[in-house]
$ cat work.cif   # mmCIF, C-alpha atoms
data_target
loop_
_atom_site.label_atom_id
_atom_site.label_comp_id
_atom_site.auth_asym_id
_atom_site.auth_seq_id
_atom_site.Cartn_x
_atom_site.Cartn_y
_atom_site.Cartn_z
CA MET A 204 4.80 -5.45 -14.48
CA ALA A 205 3.15 -3.39 -17.16
CA ASP A 206 4.60 -0.07 -18.22
CA ASN A 207 1.54 2.01 -17.41
CA ARG A 208 2.89 4.04 -14.51
CA GLU A 209 1.26 7.08 -13.05
CA ALA A 210 3.22 9.34 -10.72
CA VAL A 211 1.55 11.85 -8.48
CA GLY A 212 3.44 14.16 -6.11
CA HIS A 213 1.83 15.37 -2.92
CA GLY A 214 4.24 17.59 -1.05
CA ARG A 215 6.38 15.31 1.03
CA LEU A 216 4.78 12.17 -0.42
CA SER A 217 4.96 10.85 -3.94
CA VAL A 218 2.82 7.99 -5.19
CA VAL A 219 3.63 5.90 -8.26
CA ARG A 220 0.89 3.58 -9.48
CA THR A 221 1.89 0.55 -11.56
CA ASP A 222 -0.43 -2.15 -12.87
CA ALA A 223 1.16 -5.59 -12.82
CA ASP A 224 0.48 -8.04 -15.65
CA ASP A 225 -1.66 -10.23 -13.40
CA GLY A 226 -4.05 -7.43 -12.48
CA ILE A 227 -2.42 -6.38 -9.23
CA THR A 228 -2.09 -2.64 -8.66
CA VAL A 229 1.16 -1.61 -6.97
CA LEU A 230 1.33 1.77 -5.25
CA GLY A 231 4.91 2.80 -4.56
CA LEU A 232 5.13 5.51 -1.90
CA ASP A 233 8.13 7.72 -1.20
CA GLY A 234 8.34 10.27 1.61
CA GLU A 235 6.20 10.97 4.66
CA ILE A 236 2.57 10.10 5.28
CA ASP A 237 0.92 12.56 7.63
CA HIS A 238 -2.23 14.67 7.83
CA GLN A 239 -0.90 17.04 5.14
CA SER A 240 0.09 14.38 2.62
CA VAL A 241 -2.39 11.55 3.21
CA GLY A 242 -4.79 12.97 0.60
CA GLY A 243 -2.46 11.81 -2.18
CA LEU A 244 -2.51 8.27 -0.85
CA SER A 245 -6.28 8.35 -0.41
CA ARG A 246 -6.79 9.56 -4.00
CA ALA A 247 -4.51 6.84 -5.36
CA LEU A 248 -6.36 4.22 -3.33
CA SER A 249 -9.77 5.37 -4.49
CA VAL A 250 -8.67 4.69 -8.07
CA ALA A 251 -6.96 1.42 -7.16
CA ASP A 252 -9.85 -0.20 -5.32
CA ALA A 253 -12.54 0.38 -7.95
CA PRO A 254 -13.15 -3.02 -9.61
CA GLU A 255 -14.68 -6.02 -7.86
CA GLY A 256 -12.00 -8.35 -6.54
CA HIS A 257 -9.19 -5.87 -7.11
CA ARG A 258 -5.83 -6.64 -5.53
CA VAL A 259 -3.49 -3.92 -4.24
CA VAL A 260 0.07 -3.95 -2.94
CA ILE A 261 1.25 -0.78 -1.21
CA ASP A 262 5.03 -0.49 -1.11
CA LEU A 263 5.96 1.49 2.02
CA SER A 264 9.67 0.64 1.80
CA ARG A 265 10.60 4.26 0.95
CA VAL A 266 8.29 5.84 3.52
CA THR A 267 10.33 7.51 6.25
CA PHE A 268 7.47 8.55 8.56
CA MET A 269 3.83 7.66 9.02
CA ASP A 270 1.37 9.02 11.59
CA SER A 271 -2.18 7.98 12.43
CA SER A 272 -3.44 9.57 9.21
CA GLY A 273 -1.52 6.96 7.23
CA VAL A 274 -2.69 4.16 9.51
CA ASN A 275 -6.30 5.26 9.04
CA ALA A 276 -5.87 5.38 5.24
CA LEU A 277 -4.45 1.84 5.25
CA ILE A 278 -7.30 0.56 7.44
CA ALA A 279 -9.84 2.16 5.09
CA ALA A 280 -8.07 0.63 2.07
CA HIS A 281 -8.11 -2.80 3.70
CA GLN A 282 -11.81 -2.54 4.53
CA SER A 283 -12.64 -1.29 1.05
CA ALA A 284 -10.68 -4.10 -0.60
CA ARG A 285 -12.37 -6.76 1.54
CA ALA A 286 -15.82 -5.32 0.85
CA ALA A 287 -15.08 -5.64 -2.89
CA GLN A 288 -13.87 -9.26 -2.51
CA GLY A 289 -10.26 -8.13 -3.09
CA TRP A 290 -7.26 -7.78 -0.83
CA LEU A 291 -4.46 -5.49 0.30
CA ARG A 292 -0.80 -6.38 0.96
CA LEU A 293 1.91 -4.12 2.39
CA VAL A 294 5.65 -3.96 1.78
CA VAL A 295 7.31 -2.61 4.91
CA VAL A 296 11.07 -2.38 5.33
CA ARG A 297 11.69 0.69 7.47
CA GLY A 298 11.77 0.04 11.19
CA ALA A 299 9.76 3.09 12.28
CA VAL A 300 6.92 2.47 9.84
CA LEU A 301 6.80 -1.23 10.65
CA ARG A 302 6.84 -0.42 14.37
CA THR A 303 3.88 1.96 13.91
CA LEU A 304 1.91 -0.79 12.17
CA GLN A 305 2.83 -3.23 14.92
CA LEU A 306 1.82 -0.83 17.69
CA VAL A 307 -1.70 -0.48 16.31
CA GLY A 308 -1.93 -4.16 15.34
CA LEU A 309 -2.40 -3.54 11.63
CA ASP A 310 0.36 -6.03 10.83
CA THR A 311 -1.90 -8.77 12.24
CA VAL A 312 -4.77 -7.81 9.92
CA VAL A 313 -3.01 -6.85 6.68
CA PRO A 314 -0.19 -9.10 5.47
CA CYS A 315 3.19 -7.31 5.60
CA HIS A 316 6.14 -8.43 3.49
CA PRO A 317 9.83 -7.43 3.50
CA THR A 318 10.03 -6.95 -0.29
CA LEU A 319 7.76 -6.20 -3.23
CA GLU A 320 8.72 -9.52 -4.78
CA ASP A 321 7.58 -11.35 -1.64
CA ALA A 322 4.27 -9.48 -1.57
CA LEU A 323 3.56 -10.27 -5.22
CA ALA A 324 4.63 -13.93 -4.87
CA SER A 325 2.44 -14.43 -1.81
CA THR A 326 -0.62 -13.47 -3.81
CA ARG A 327 -0.28 -16.28 -6.30
CA PRO A 328 -1.90 -19.63 -5.49
CA ASP A 329 1.29 -21.52 -6.37
CA ALA A 330 3.53 -19.47 -4.04
#
$ encode --input "work.cif" --output "structure tokens"
Amino acid sequence: MADNREAVGHGRLSVVRTDADDGITVLGLDGEIDHQSVGGLSRALSVADAPEGHRVVIDLSRVTFMDSSGVNALIAAHQSARAAQGWLRLVVVRGAVLRTLQLVGLDTVVPCHPTLEDALASTRPDA
């Protein structure tokens, strides 16, 4: 991972953007994603999905709560990435957040991984 990290706090949600050496953008989230804090995630995603073929991993392992606002932001990020010939991967460890994604079926559309290392390894052709 490269050292160019950008941290942005949004109330109960903080977003740290890191660019990996192989061109993958990792967004590390910490806190709650709801209608009051989802703007921070949306802003970080709008920067992350800019180039054609861009690849994004969103680390939700430190997210303690996510409502439909977060689900909608992830769906929009997935659609945007696909439209640009890129992709989106999620890291989901917490039971409640994973359960939310399962309830709406997002885990069947966007690959979910138990760790950041797994998400990054799954993106490489040799993994």
$ resolve_selection --input "work.cif" --expression "the PyMOL selection byres ((chain A and resi 258) around 8)" --output "PDB file with C-alpha atoms, keeping the file's coordinate frame"
ATOM      1  CA  GLY A 226      -4.050  -7.430 -12.480  1.00  0.00           C
ATOM      2  CA  ILE A 227      -2.420  -6.380  -9.230  1.00  0.00           C
ATOM      3  CA  THR A 228      -2.090  -2.640  -8.660  1.00  0.00           C
ATOM      4  CA  ASP A 252      -9.850  -0.200  -5.320  1.00  0.00           C
ATOM      5  CA  GLY A 256     -12.000  -8.350  -6.540  1.00  0.00           C
ATOM      6  CA  HIS A 257      -9.190  -5.870  -7.110  1.00  0.00           C
ATOM      7  CA  VAL A 259      -3.490  -3.920  -4.240  1.00  0.00           C
ATOM      8  CA  VAL A 260       0.070  -3.950  -2.940  1.00  0.00           C
ATOM      9  CA  ALA A 284     -10.680  -4.100  -0.600  1.00  0.00           C
ATOM     10  CA  GLY A 289     -10.260  -8.130  -3.090  1.00  0.00           C
ATOM     11  CA  TRP A 290      -7.260  -7.780  -0.830  1.00  0.00           C
ATOM     12  CA  LEU A 291      -4.460  -5.490   0.300  1.00  0.00           C
TER      13      LEU A 291
END
$ residues_around --input "work.cif" --residues "A:Ser272" --least-positions-apart "4" --cutoff "7 Å" --atoms "all atoms listed in the file" --output "NGL selection string"
:A and (237-238 or 241 or 276)
$ residues_around --input "work.cif" --residues "A:Ala299" --least-positions-apart "2" --cutoff "12 Å" --atoms "all atoms listed in the file" --output "PDB file with C-alpha atoms, in the coordinates of the input"
ATOM      1  CA  GLU A 235       6.200  10.970   4.660  1.00  0.00           C
ATOM      2  CA  LEU A 263       5.960   1.490   2.020  1.00  0.00           C
ATOM      3  CA  SER A 264       9.670   0.640   1.800  1.00  0.00           C
ATOM      4  CA  ARG A 265      10.600   4.260   0.950  1.00  0.00           C
ATOM      5  CA  VAL A 266       8.290   5.840   3.520  1.00  0.00           C
ATOM      6  CA  THR A 267      10.330   7.510   6.250  1.00  0.00           C
ATOM      7  CA  PHE A 268       7.470   8.550   8.560  1.00  0.00           C
ATOM      8  CA  MET A 269       3.830   7.660   9.020  1.00  0.00           C
ATOM      9  CA  ASP A 270       1.370   9.020  11.590  1.00  0.00           C
ATOM     10  CA  VAL A 295       7.310  -2.610   4.910  1.00  0.00           C
ATOM     11  CA  VAL A 296      11.070  -2.380   5.330  1.00  0.00           C
ATOM     12  CA  ARG A 297      11.690   0.690   7.470  1.00  0.00           C
ATOM     13  CA  LEU A 301       6.800  -1.230  10.650  1.00  0.00           C
ATOM     14  CA  ARG A 302       6.840  -0.420  14.370  1.00  0.00           C
ATOM     15  CA  THR A 303       3.880   1.960  13.910  1.00  0.00           C
ATOM     16  CA  LEU A 304       1.910  -0.790  12.170  1.00  0.00           C
ATOM     17  CA  GLN A 305       2.830  -3.230  14.920  1.00  0.00           C
ATOM     18  CA  LEU A 306       1.820  -0.830  17.690  1.00  0.00           C
TER      19      LEU A 306
END
$ closest_residue --input "work.cif" --among "A:Val294, A:Leu319, A:Val312, A:Ala223" --to "A:Ile278" --atoms "only C-alpha atoms"
A:Val312
$ closest_residue --input "work.cif" --among "A:Gly308, A:Val300, A:Ser245, A:Thr318" --to "A:Leu277" --atoms "all atoms listed in the file"
A:Ser245
$ atom_distance --input "work.cif" --atom1 "atom CA of A:Arg246" --atom2 "atom CA of A:Ala322"
22.2 Å
$ axis_aligned_box --input "work.cif" --around "stretch 272-286 of chain A" --padding-each-side "3 Å" --output "AutoDock Vina command-line options"
--center_x -8.7 --center_y 1.4 --center_z 4.5 --size_x 20.3 --size_y 22.3 --size_z 16.1
$ resolve_selection --input "work.cif" --expression "the PyMOL selection byres ((chain A and resi 244) around 9)" --output "VMD selection string"
chain A and resid 213 216 to 218 230 232 236 240 to 243 245 to 249 273 276
$ write_last_selection --input "work.cif" --atoms "C-alpha atoms" --output "PDB file, in the coordinates of the input"
ATOM      1  CA  HIS A 213       1.830  15.370  -2.920  1.00  0.00           C
ATOM      2  CA  LEU A 216       4.780  12.170  -0.420  1.00  0.00           C
ATOM      3  CA  SER A 217       4.960  10.850  -3.940  1.00  0.00           C
ATOM      4  CA  VAL A 218       2.820   7.990  -5.190  1.00  0.00           C
ATOM      5  CA  LEU A 230       1.330   1.770  -5.250  1.00  0.00           C
ATOM      6  CA  LEU A 232       5.130   5.510  -1.900  1.00  0.00           C
ATOM      7  CA  ILE A 236       2.570  10.100   5.280  1.00  0.00           C
ATOM      8  CA  SER A 240       0.090  14.380   2.620  1.00  0.00           C
ATOM      9  CA  VAL A 241      -2.390  11.550   3.210  1.00  0.00           C
ATOM     10  CA  GLY A 242      -4.790  12.970   0.600  1.00  0.00           C
ATOM     11  CA  GLY A 243      -2.460  11.810  -2.180  1.00  0.00           C
ATOM     12  CA  SER A 245      -6.280   8.350  -0.410  1.00  0.00           C
ATOM     13  CA  ARG A 246      -6.790   9.560  -4.000  1.00  0.00           C
ATOM     14  CA  ALA A 247      -4.510   6.840  -5.360  1.00  0.00           C
ATOM     15  CA  LEU A 248      -6.360   4.220  -3.330  1.00  0.00           C
ATOM     16  CA  SER A 249      -9.770   5.370  -4.490  1.00  0.00           C
ATOM     17  CA  GLY A 273      -1.520   6.960   7.230  1.00  0.00           C
ATOM     18  CA  ALA A 276      -5.870   5.380   5.240  1.00  0.00           C
TER      19      ALA A 276
END
$ closest_residue --input "work.cif" --among "A:Val219, A:Ile261, A:Ala287, A:Val229" --to "A:Pro314" --atoms "only C-alpha atoms"
A:Ile261
$ atom_distance --input "work.cif" --atom1 "atom CA of A:Asp262" --atom2 "atom CA of A:Asp222"
13.1 Å
$ closest_residue --input "work.cif" --among "A:Arg285, A:Arg220, A:Arg292, A:Arg215" --to "A:Leu309" --atoms "all atoms listed in the file"
A:Arg292
$ atom_distance --input "work.cif" --atom1 "atom CA of A:Asp225" --atom2 "atom CA of A:Asn275"
27.7 Å
